[in-house]
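Shown here: upload32.txt, compact mmCIF, C-alpha atoms and all ligand atoms.
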```txt
# COMPACT_ATOMS: atom_id res chain seq x y z
CA MET A 1 158.05 110.13 81.31
CA ASP A 2 161.24 109.93 83.41
CA GLU A 3 160.83 109.21 87.09
CA PRO A 4 161.45 112.66 88.66
CA LEU A 5 159.02 114.16 86.15
CA LEU A 6 156.39 111.53 86.99
CA ARG A 7 156.92 112.23 90.69
CA ARG A 8 156.52 115.95 90.11
CA GLU A 9 153.26 115.21 88.26
CA ASN A 10 152.03 113.07 91.18
CA LEU A 11 152.87 115.83 93.63
CA LEU A 12 151.04 118.41 91.51
CA ALA A 13 148.01 116.08 91.37
CA ALA A 14 147.95 115.84 95.20
CA ILE A 15 148.24 119.64 95.48
CA LYS A 16 145.41 120.16 92.99
CA ALA A 17 143.22 117.73 94.95
CA ILE A 18 143.18 119.92 98.08
CA PRO A 19 139.56 121.08 98.51
CA SER A 20 138.93 124.65 99.53
CA PHE A 21 138.01 125.38 103.15
CA ASP A 22 134.21 125.14 103.68
CA GLU A 23 133.43 128.67 104.95
CA ALA A 24 129.69 127.89 105.17
CA ALA A 25 130.29 124.91 107.50
CA ALA A 26 132.62 127.04 109.66
CA ALA A 27 129.92 129.74 109.84
CA ARG A 28 127.31 127.13 110.89
CA ALA A 29 129.67 125.94 113.65
CA ARG A 30 130.12 129.54 114.90
CA LEU A 31 126.35 130.05 114.88
CA HIS A 32 125.85 126.88 116.92
CA SER A 33 128.63 127.90 119.27
CA ASP A 34 126.89 131.23 119.90
CA ARG A 35 123.70 129.36 120.94
CA LEU A 36 125.49 127.46 123.70
CA THR A 37 125.14 128.53 127.35
CA LYS A 38 128.13 130.86 127.62
CA PRO A 39 128.91 134.42 126.59
CA PRO A 40 129.80 134.39 122.88
CA GLY A 41 133.49 133.72 122.33
CA SER A 42 134.17 132.90 125.98
CA LEU A 43 135.67 129.50 125.15
CA GLY A 44 138.28 131.28 123.05
CA LYS A 45 140.45 129.11 120.88
CA LEU A 46 138.32 126.05 121.68
CA GLU A 47 135.42 127.70 119.85
CA GLU A 48 137.61 128.80 116.97
CA MET A 49 139.04 125.29 116.70
CA ALA A 50 135.56 123.76 116.45
CA ALA A 51 134.76 126.20 113.62
CA GLN A 52 138.06 125.43 111.90
CA LEU A 53 137.41 121.67 112.14
CA ALA A 54 133.96 122.19 110.60
CA GLY A 55 135.46 124.19 107.73
CA MET A 56 138.08 121.52 107.10
CA THR A 57 135.79 118.50 107.21
CA GLY A 58 132.48 120.05 106.13
CA GLU A 59 130.86 118.62 109.29
CA LEU A 60 129.97 120.24 112.62
CA TRP A 61 130.68 117.05 114.57
CA PRO A 62 133.33 115.22 112.55
CA ASP A 63 134.31 111.76 113.78
CA LEU A 64 138.02 112.13 114.56
CA SER A 65 138.26 108.94 116.60
CA ARG A 66 140.85 107.32 114.31
CA ARG A 67 143.99 109.39 114.57
CA ALA A 68 147.68 108.95 113.87
CA VAL A 69 150.97 110.69 114.49
CA VAL A 70 153.29 110.14 111.54
CA VAL A 71 156.91 110.13 112.70
CA MET A 72 159.26 110.60 109.77
CA ALA A 73 162.90 109.67 110.45
CA GLY A 74 166.06 110.66 108.61
CA ASP A 75 169.75 111.34 109.11
CA HIS A 76 171.79 114.42 108.28
CA GLY A 77 175.26 114.54 106.74
CA VAL A 78 175.73 117.97 108.28
CA CYS A 79 176.22 116.19 111.66
CA GLU A 80 179.91 115.94 110.59
CA GLU A 81 180.14 119.66 111.39
CA GLY A 82 179.44 119.17 115.11
CA ILE A 83 176.03 120.86 115.20
CA SER A 84 174.17 118.59 117.63
CA ALA A 85 174.60 117.69 121.28
CA PHE A 86 173.97 114.02 120.38
CA PRO A 87 175.60 111.55 117.96
CA GLN A 88 173.91 110.72 114.65
CA GLY A 89 173.36 107.10 115.74
CA VAL A 90 170.62 108.28 118.12
CA THR A 91 168.25 108.64 115.15
CA LEU A 92 168.31 104.88 114.52
CA GLN A 93 168.21 104.06 118.23
CA MET A 94 165.18 106.28 118.78
CA VAL A 95 163.36 104.75 115.79
CA LEU A 96 163.73 101.36 117.51
CA ASN A 97 162.47 102.96 120.73
CA PHE A 98 159.36 104.26 118.86
CA LEU A 99 158.76 100.79 117.43
CA ASN A 100 159.07 99.23 120.89
CA GLY A 101 156.61 101.75 122.30
CA GLY A 102 158.96 103.38 124.82
CA ALA A 103 159.41 106.95 123.59
CA ALA A 104 157.55 110.00 124.89
CA VAL A 105 155.45 110.15 121.73
CA ASN A 106 154.29 106.54 122.26
CA VAL A 107 153.12 107.36 125.78
CA LEU A 108 151.32 110.54 124.73
CA ALA A 109 149.82 108.85 121.66
CA ARG A 110 148.43 106.01 123.81
CA ALA A 111 146.88 108.57 126.16
CA ALA A 112 145.27 110.37 123.21
CA GLY A 113 144.08 107.20 121.42
CA ALA A 114 146.43 107.69 118.46
CA GLU A 115 148.59 105.23 116.57
CA VAL A 116 152.27 106.00 115.99
CA VAL A 117 153.27 105.42 112.37
CA CYS A 118 157.04 105.44 112.05
CA VAL A 119 158.53 105.89 108.58
CA ASP A 120 162.20 105.39 107.69
CA VAL A 121 162.50 107.88 104.87
CA GLY A 122 166.20 108.60 105.23
CA VAL A 123 168.00 106.83 108.09
CA ALA A 124 171.68 106.30 107.21
CA SER A 125 171.91 102.65 108.27
CA PRO A 126 170.00 99.45 107.42
CA LEU A 127 166.84 99.21 109.47
CA ALA A 128 164.16 96.54 109.59
CA HIS A 129 161.57 96.04 112.31
CA ALA A 130 157.98 94.89 112.55
CA GLY A 131 155.71 97.88 112.18
CA LEU A 132 158.28 100.12 110.52
CA VAL A 133 157.30 101.66 107.20
CA SER A 134 160.55 101.29 105.20
CA ARG A 135 160.67 103.88 102.44
CA LYS A 136 164.23 105.16 102.28
CA ALA A 137 164.50 108.00 99.78
CA VAL A 138 168.12 108.49 100.79
CA TRP A 139 170.67 106.80 103.12
CA GLY A 140 171.16 109.97 105.15
CA THR A 141 171.55 113.32 103.44
CA ALA A 142 174.91 114.67 102.25
CA ASN A 143 176.72 117.38 104.22
CA MET A 144 175.00 120.58 103.04
CA THR A 145 178.07 122.71 103.72
CA LYS A 146 179.77 120.88 100.82
CA GLY A 147 176.92 120.70 98.30
CA PRO A 148 173.21 119.85 98.09
CA ALA A 149 171.84 117.69 100.92
CA MET A 150 169.70 115.70 98.48
CA SER A 151 169.02 115.42 94.77
CA LEU A 152 165.69 116.64 93.42
CA ALA A 153 164.70 113.02 92.72
CA GLU A 154 165.40 112.00 96.34
CA THR A 155 163.48 114.99 97.62
CA LEU A 156 160.45 114.23 95.46
CA SER A 157 160.60 110.59 96.51
CA ALA A 158 160.52 111.56 100.22
CA LEU A 159 157.73 114.08 99.59
CA LEU A 160 155.60 111.52 97.78
CA THR A 161 156.20 108.95 100.51
CA GLY A 162 154.61 111.47 102.85
CA VAL A 163 151.64 112.08 100.55
CA GLU A 164 151.12 108.32 100.07
CA THR A 165 151.46 107.58 103.80
CA ALA A 166 148.72 110.13 104.55
CA HIS A 167 146.51 108.74 101.80
CA GLU A 168 147.00 105.12 102.94
CA LEU A 169 146.10 106.07 106.51
CA ALA A 170 143.08 108.11 105.38
CA ASN A 171 141.94 105.10 103.33
CA LYS A 172 142.03 103.05 106.56
CA GLY A 173 139.78 105.61 108.29
CA VAL A 174 142.33 107.88 109.96
CA ALA A 175 140.65 111.30 110.15
CA LEU A 176 143.10 113.30 112.27
CA PHE A 177 146.86 113.61 111.82
CA ALA A 178 149.84 114.91 113.78
CA THR A 179 153.32 115.51 112.39
CA GLY A 180 156.31 113.98 114.15
CA GLU A 181 159.98 113.57 113.29
CA MET A 182 163.26 112.14 114.44
CA GLY A 183 166.60 113.19 112.99
CA ILE A 184 169.74 114.21 114.82
CA GLY A 185 170.90 117.42 113.13
CA ASN A 186 167.48 118.39 111.80
CA THR A 187 167.22 121.72 113.65
CA THR A 188 170.20 122.82 111.53
CA ALA A 189 168.44 121.81 108.31
CA SER A 190 165.22 123.45 109.52
CA ALA A 191 167.02 126.72 110.32
CA ALA A 192 168.57 126.72 106.83
CA ILE A 193 165.16 126.11 105.22
CA VAL A 194 163.52 128.87 107.24
CA SER A 195 166.31 131.35 106.50
CA ALA A 196 166.24 130.47 102.80
CA LEU A 197 162.45 130.79 102.45
CA THR A 198 161.86 133.82 104.67
CA GLY A 199 165.08 135.81 104.46
CA LEU A 200 165.40 135.70 108.27
CA SER A 201 169.05 135.71 109.29
CA PRO A 202 170.58 132.52 110.79
CA GLU A 203 170.88 134.51 114.01
CA ASP A 204 167.09 134.39 114.16
CA THR A 205 166.58 130.82 112.94
CA VAL A 206 169.38 128.81 114.59
CA GLY A 207 168.74 127.51 118.10
CA ARG A 208 170.19 124.99 120.54
CA GLY A 209 168.28 121.92 119.27
CA THR A 210 169.01 119.01 121.61
CA GLY A 211 170.99 121.40 123.85
CA ILE A 212 174.21 122.48 122.19
CA SER A 213 176.73 124.68 124.08
CA ASP A 214 177.29 128.44 123.52
CA GLU A 215 180.33 127.63 121.41
CA GLY A 216 178.38 124.99 119.45
CA LEU A 217 175.61 127.50 118.81
CA LEU A 218 178.04 129.92 117.14
CA ARG A 219 179.45 127.06 115.04
CA LYS A 220 175.90 126.01 114.07
CA ARG A 221 175.11 129.54 112.83
CA THR A 222 178.28 129.57 110.73
CA VAL A 223 177.36 126.15 109.32
CA VAL A 224 173.92 127.41 108.25
CA GLU A 225 175.48 130.53 106.70
CA LYS A 226 177.97 128.37 104.80
CA ALA A 227 175.27 125.93 103.59
CA LEU A 228 173.24 128.85 102.21
CA GLU A 229 176.32 130.36 100.56
CA VAL A 230 177.52 127.09 98.99
CA ASN A 231 174.09 126.06 97.66
CA SER A 232 172.38 129.44 97.01
CA PRO A 233 168.88 127.93 97.18
CA ASP A 234 166.22 129.80 95.21
CA ARG A 235 163.82 131.28 97.79
CA ASN A 236 161.02 131.23 95.22
CA ASP A 237 161.44 127.49 94.61
CA PRO A 238 160.51 125.50 97.75
CA LEU A 239 161.66 122.20 96.17
CA ASP A 240 165.08 123.69 95.46
CA VAL A 241 165.35 124.83 99.09
CA LEU A 242 164.12 121.48 100.47
CA SER A 243 166.60 119.48 98.39
CA LYS A 244 169.65 121.70 98.89
CA VAL A 245 169.43 122.44 102.62
CA GLY A 246 166.60 120.21 103.88
CA GLY A 247 166.24 116.63 104.99
CA ALA A 248 164.31 113.53 103.99
CA GLU A 249 162.10 113.54 107.10
CA ILE A 250 161.27 117.22 106.57
CA ALA A 251 160.33 116.49 102.94
CA GLY A 252 158.29 113.50 104.13
CA LEU A 253 156.35 115.69 106.56
CA THR A 254 155.73 118.28 103.85
CA GLY A 255 154.11 115.42 101.91
CA VAL A 256 152.07 114.23 104.90
CA ILE A 257 150.65 117.74 105.33
CA ILE A 258 149.71 118.00 101.64
CA GLY A 259 148.31 114.43 101.65
CA ALA A 260 146.17 115.02 104.77
CA ALA A 261 144.84 118.32 103.42
CA SER A 262 143.93 116.70 100.10
CA ARG A 263 141.66 114.33 102.13
CA ARG A 264 140.17 117.18 104.18
CA CYS A 265 141.87 115.87 107.31
CA PRO A 266 143.04 118.26 110.05
CA ILE A 267 146.78 118.06 110.64
CA VAL A 268 148.30 119.23 113.90
CA ILE A 269 151.78 120.67 113.45
CA ASP A 270 154.39 119.88 116.12
CA GLY A 271 157.57 121.88 116.91
CA TYR A 272 160.29 123.69 114.98
CA ILE A 273 161.14 121.00 112.42
CA SER A 274 157.50 120.17 111.72
CA THR A 275 156.73 123.88 111.33
CA ALA A 276 159.62 124.22 108.85
CA ALA A 277 157.97 121.38 106.87
CA ALA A 278 154.65 123.26 107.18
CA LEU A 279 156.32 126.38 105.74
CA VAL A 280 157.52 124.39 102.73
CA ALA A 281 154.03 122.87 102.33
CA ALA A 282 152.41 126.32 102.53
CA ARG A 283 154.77 127.68 99.86
CA LEU A 284 154.22 124.66 97.59
CA ALA A 285 150.47 124.44 98.18
CA PRO A 286 148.90 127.49 99.88
CA ALA A 287 145.55 125.64 99.86
CA CYS A 288 146.79 123.30 102.61
CA MET A 289 147.14 126.19 105.11
CA PRO A 290 143.56 126.08 106.50
CA TYR A 291 144.01 122.38 107.38
CA MET A 292 146.93 123.08 109.73
CA ILE A 293 146.53 123.50 113.47
CA GLY A 294 149.47 124.98 115.40
CA SER A 295 150.09 122.90 118.53
CA HIS A 296 152.72 124.44 120.78
CA VAL A 297 155.52 126.99 120.89
CA SER A 298 158.75 125.07 121.11
CA GLN A 299 161.69 126.44 123.08
CA GLU A 300 163.72 126.31 119.88
CA HIS A 301 164.89 129.90 119.32
CA GLY A 302 163.36 130.49 115.88
CA HIS A 303 159.98 128.87 116.46
CA PRO A 304 157.89 131.93 117.48
CA ALA A 305 159.02 133.89 114.40
CA LEU A 306 158.36 130.91 112.15
CA LEU A 307 154.85 130.46 113.57
CA ARG A 308 154.17 134.17 112.99
CA GLU A 309 155.43 133.86 109.41
CA LEU A 310 152.90 131.07 108.83
CA GLY A 311 150.09 132.83 110.68
CA LEU A 312 149.71 129.87 113.05
CA SER A 313 148.54 130.63 116.57
CA PRO A 314 149.64 127.66 118.73
CA LEU A 315 147.44 126.26 121.47
CA LEU A 316 150.05 125.49 124.12
CA THR A 317 153.23 126.87 125.65
CA LEU A 318 154.81 124.10 127.70
CA ASP A 319 158.52 124.88 127.22
CA MET A 320 158.90 121.64 125.26
CA ARG A 321 161.61 121.02 122.65
CA LEU A 322 161.48 117.28 122.07
CA GLY A 323 159.90 116.87 118.65
CA GLU A 324 158.65 113.34 117.76
CA GLY A 325 155.14 114.81 117.46
CA THR A 326 154.77 115.09 121.26
CA GLY A 327 153.30 118.61 121.36
CA ALA A 328 150.97 117.87 118.46
CA VAL A 329 149.58 114.68 119.98
CA LEU A 330 148.92 116.50 123.27
CA CYS A 331 146.63 118.84 121.36
CA PHE A 332 144.42 115.92 120.30
CA HIS A 333 142.93 116.17 123.82
CA LEU A 334 142.07 119.83 123.18
CA LEU A 335 140.42 119.02 119.85
CA ASP A 336 138.36 116.34 121.62
CA ALA A 337 137.40 118.91 124.26
CA ALA A 338 136.36 121.44 121.60
CA LEU A 339 134.13 118.90 119.83
CA ALA A 340 132.68 117.60 123.11
CA LEU A 341 131.67 121.16 124.06
CA MET A 342 130.03 121.67 120.67
CA GLY A 343 128.14 118.38 120.92
CA GLN A 344 127.17 118.23 124.57
CA MET A 345 126.57 121.73 125.92
CA ALA A 346 123.01 122.89 126.42
CA THR A 347 121.77 125.81 124.33
CA PHE A 348 120.20 128.97 125.82
CA ASP A 349 116.84 127.66 124.50
CA SER A 350 117.15 124.06 125.75
CA ALA A 351 118.34 125.11 129.22
CA GLY A 352 116.03 128.10 129.61
CA VAL A 353 118.94 130.48 130.19
CA SER A 354 118.48 134.13 129.21
CA GLY A 355 120.62 135.38 126.34
CA GLY A 356 122.74 138.54 126.33
CA LYS A 357 121.07 142.01 126.31
CA GLU A 358 122.91 143.41 123.30
O1 LIG B 401 160.35 120.04 117.81
C1 LIG B 401 161.18 120.85 118.23
O2 LIG B 401 160.92 122.04 118.36
C2 LIG B 401 162.59 120.35 118.53
C3 LIG B 401 163.52 121.23 119.05
C4 LIG B 401 164.78 120.73 119.35
C5 LIG B 401 165.09 119.40 119.10
N1 LIG B 401 164.17 118.56 118.57
C6 LIG B 401 164.50 117.13 118.29
O3 LIG B 401 165.90 116.93 118.47
C7 LIG B 401 166.51 116.46 117.28
C8 LIG B 401 167.22 117.58 116.56
O4 LIG B 401 168.07 118.31 117.40
P1 LIG B 401 169.57 118.60 116.91
O5 LIG B 401 170.19 119.32 118.04
O6 LIG B 401 170.18 117.24 116.70
O7 LIG B 401 169.43 119.38 115.65
C9 LIG B 401 165.41 115.90 116.41
O8 LIG B 401 165.29 114.52 116.60
C10 LIG B 401 164.16 116.65 116.88
O9 LIG B 401 163.07 115.78 116.94
C11 LIG B 401 162.93 119.02 118.31
C1 LIG B 402 167.19 110.98 123.26
C2 LIG B 402 166.59 111.83 122.18
C3 LIG B 402 165.22 111.69 121.85
C4 LIG B 402 164.68 112.48 120.82
N1 LIG B 402 163.47 112.56 120.31
C5 LIG B 402 163.47 113.47 119.34
N2 LIG B 402 164.67 113.96 119.24
C6 LIG B 402 165.48 113.38 120.14
C7 LIG B 402 166.82 113.55 120.44
C8 LIG B 402 167.37 112.77 121.46
C9 LIG B 402 168.81 112.94 121.80
```
Starting from the file, give its structure as structure tokens.
Amino acid sequence: MDEPLLRRENLLAAIKAIPSFDEAAAARARLHSDRLTKPPGSLGKLEEMAAQLAGMTGELWPDLSRRAVVVMAGDHGVCEEGISAFPQGVTLQMVLNFLNGGAAVNVLARAAGAEVVCVDVGVASPLAHAGLVSRKAVWGTANMTKGPAMSLAETLSALLTGVETAHELANKGVALFATGEMGIGNTTASAAIVSALTGLSPEDTVGRGTGISDEGLLRKRTVVEKALEVNSPDRNDPLDVLSKVGGAEIAGLTGVIIGAASRRCPIVIDGYISTAAALVAARLAPACMPYMIGSHVSQEHGHPALLRELGLSPLLTLDMRLGEGTGAVLCFHLLDAALALMGQMATFDSAGVSGGKE
């Protein structure tokens, strides 16, 4: 079997391995929740999250103490078109910052008891550092306004790196995942993916990313329009879209989501780029949808519409637009709170509190 075919087979195997959501466990969690000393439903999304976690893991009190944020990094040839407020070299510099523990995601991960796993899946320059997972599928993507960003083989390689990273971490006991990414130019690739897969116009999917000017924003829209015109990605073929107008770190995250779901692990989805990867994952493997938890609404212009498209109802609105997995890791605290409530609250019976009249 040639290599791309073998990779496609491996991807299909991971997709097939995704267990269905355990509705009975979720129902047991809701029943328990209704016995706790509060009006039914009054803890809102915290209650729903506890039920969702039970349905994912099959357990009412899953042990989610080992957790990781997987930060996939890659560069984008489309940076040549002047679509970011920062130079491409910042991708590499920020990867080193992650590895030295100084980025926002490192701080938030420490506070939430999570490890940061940084994967070079497509940085354009040589990169070696203790702790880095080096799995380059591509040395930066090609400029998508001139042709496909990646070949199908490169895309599958990045995707499988994501699946394998999730599996390796799950084998070590990691039970809770967050998606993170670093890639100057990747809000352009994400906008192109979202437009290609949903039919939303670039006006609705292109935003300011790291903070581009009004003039830059217009140029960025034109760049996305041109990339879609030059490549005509097939909206019914998520792999075609991912390879032609995507990025290695986005493909890697798509794989992480599929890999985590195939191990029944909850995966918290970060901002715009992560949610674009989640859209690709949902189109490739609809069974992974119930394992996703929406974290926050990013300030990136297209994020609310993208979340609606996926049916994800995010937990936080903090006006963030950093990426790296920062919003997702913050939500680990909320998941802990949801499980603590389930495990530690008194019931109406145990506390001698009268139940509702209806
Ligand atoms: O997560 C988000 O919603 C988000 C929104 C805007 C920017 N970012 C981050 O900023 C970088 C991409 O921005 P840009 O302008 O270079 O396309 C990339 O490293 C992302 O992690 C992230
Ligand atoms: C400094 C910096 C940090 C980031 N983290 C994620 N994307 C980023 C973009 C920039 C520019």
Inset, instruction - Find the distance between atom CA of A:Gly246 and atom CA of A:Ala192 and write it in Å to one decimal. - result: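 Computed distance, atom CA of A:Gly246 to atom CA of A:Ala192, equals 7.4 Å.
Distance check against A:Thr145 using all atoms listed in the file: of A:Glu81, A:Asp319, A:Glu215, A:Glu203, the minimum falls on A:Glu81.
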Legend entry - Closest of A:Ile250, A:Leu200, A:Ala170, A:Val353 to ligand LIG 401 (chain B) - atom-to-atom distances counting all atoms listed in the file: A:Ile250
Need the neighbours of (154.8, 111.6, 102.2): which residues are at most 7 Å away, counting all atoms listed in the file, as a compact mmCIF listing (two decimals) with C-alpha atoms, keeping the file's coordinate frame?
```
# COMPACT_ATOMS: atom_id res chain seq x y z
CA ALA A 158 160.52 111.56 100.22
CA LEU A 159 157.73 114.08 99.59
CA LEU A 160 155.60 111.52 97.78
CA THR A 161 156.20 108.95 100.51
CA GLY A 162 154.61 111.47 102.85
CA VAL A 163 151.64 112.08 100.55
CA GLU A 164 151.12 108.32 100.07
CA THR A 165 151.46 107.58 103.80
CA ALA A 166 148.72 110.13 104.55
CA GLY A 252 158.29 113.50 104.13
CA LEU A 253 156.35 115.69 106.56
CA THR A 254 155.73 118.28 103.85
CA GLY A 255 154.11 115.42 101.91
CA VAL A 256 152.07 114.23 104.90
```
Inset, instruction - Using only C-alpha atoms and all ligand atoms, find each protein or nucleic acid residue lying at most 8 Å from ligand LIG 401 (chain B); present the set as a ChimeraX atom specification. - result: /A:79,83-88,91,180-189,207-212,270-274,297-300,303,320-325
Legend entry - Top pick for closest residue to ligand LIG 402 (chain B), considering A:Thr222, A:Thr326, A:Ser213, A:Thr347 and counting only C-alpha atoms and all ligand atoms: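 For ligand LIG 402 (chain B), the nearest of the given residues is A:Thr326.
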Legend entry - Option closest in space to ligand LIG 402 (chain B), from A:Pro238, A:Arg7, A:Gly311, A:Asn106 [counting only C-alpha atoms and all ligand atoms]: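 Going through A:Pro238, A:Arg7, A:Gly311, A:Asn106 one by one, the smallest distance to ligand LIG 402 (chain B) is for A:Asn106.
Taking atom CA of A:Arg30 as the reference point, atom CA of A:Met56 is found at 13.7 Å.
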Inset, instruction - Point out the residue among A:Asp120, A:Glu47, A:Ala305, A:Met72 with the least atom-to-atom distance to A:Val206, counting only C-alpha atoms. - result: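 Closest to A:Val206 of all the choices is A:Ala305.
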Inset, instruction - Quick one: everything within 10 Å of A:Ala227, counting all atoms listed in the file, minus sequence neighbours fewer than 4 positions away in the same chain. Send it as a list in words. - result: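 Selected residues are Val78, Asn143, Met144, Thr145, Lys146, Gly147, Pro148, Ala149, Thr188, Ala189, Ala192, Arg221, Thr222, Val223, Asn231, Ser232, Pro233, Lys244 and Val245 of chain A.
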Legend entry - Pick from A:Asp34, A:Glu154, A:Asp22, A:Asp75 nearest to ligand LIG 402 (chain B), counting all atoms listed in the file: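 Checking each of A:Asp34, A:Glu154, A:Asp22, A:Asp75 against ligand LIG 402 (chain B), counting all atoms listed in the file, the winner is A:Asp75.
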Inset, instruction - Could you check how far atom CA of A:His296 sits from atom CA of A:Asp336, in Å to one decimal? - result: 16.5 Å
Legend entry - Spatial neighbours of A:Gly140, 6 Å, all atoms listed in the file, chain gap at least 2 places, as a VMD selection string: chain A and resid 75 to 76 122 to 124 138
Inset, instruction - Excluding A:Ile293 and residues on its chain fewer than 6 positions from it, collect all residues at most 12 Å away from it, counting all atoms listed in the file, and give them as a ChimeraX atom specification. - result: /A:45-46,48-50,52-53,56,176-179,257,261,265-271,274-275,278,307,310-316,327-329,331-332,334-335
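Around A:Phe21, within 8 Å and counting only C-alpha atoms, the residues found are Gly55, Met56, Pro290 and Tyr291 of chain A, once anything fewer than 5 positions away on its own chain is removed.
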Env of A:Glu115: 7 Å cut, atoms = only C-alpha atoms, seq-sep filter 3 positions within chain, self excluded. Answer as a short mmCIF file (atom, residue, chain, number, x, y, z; two decimals) with C-alpha atoms, in the coordinates of the input.
```cif
data_model
loop_
_atom_site.label_atom_id
_atom_site.label_comp_id
_atom_site.auth_asym_id
_atom_site.auth_seq_id
_atom_site.Cartn_x
_atom_site.Cartn_y
_atom_site.Cartn_z
CA ARG A 67 143.99 109.39 114.57
CA ALA A 68 147.68 108.95 113.87
CA VAL A 69 150.97 110.69 114.49
CA ALA A 109 149.82 108.85 121.66
#
```
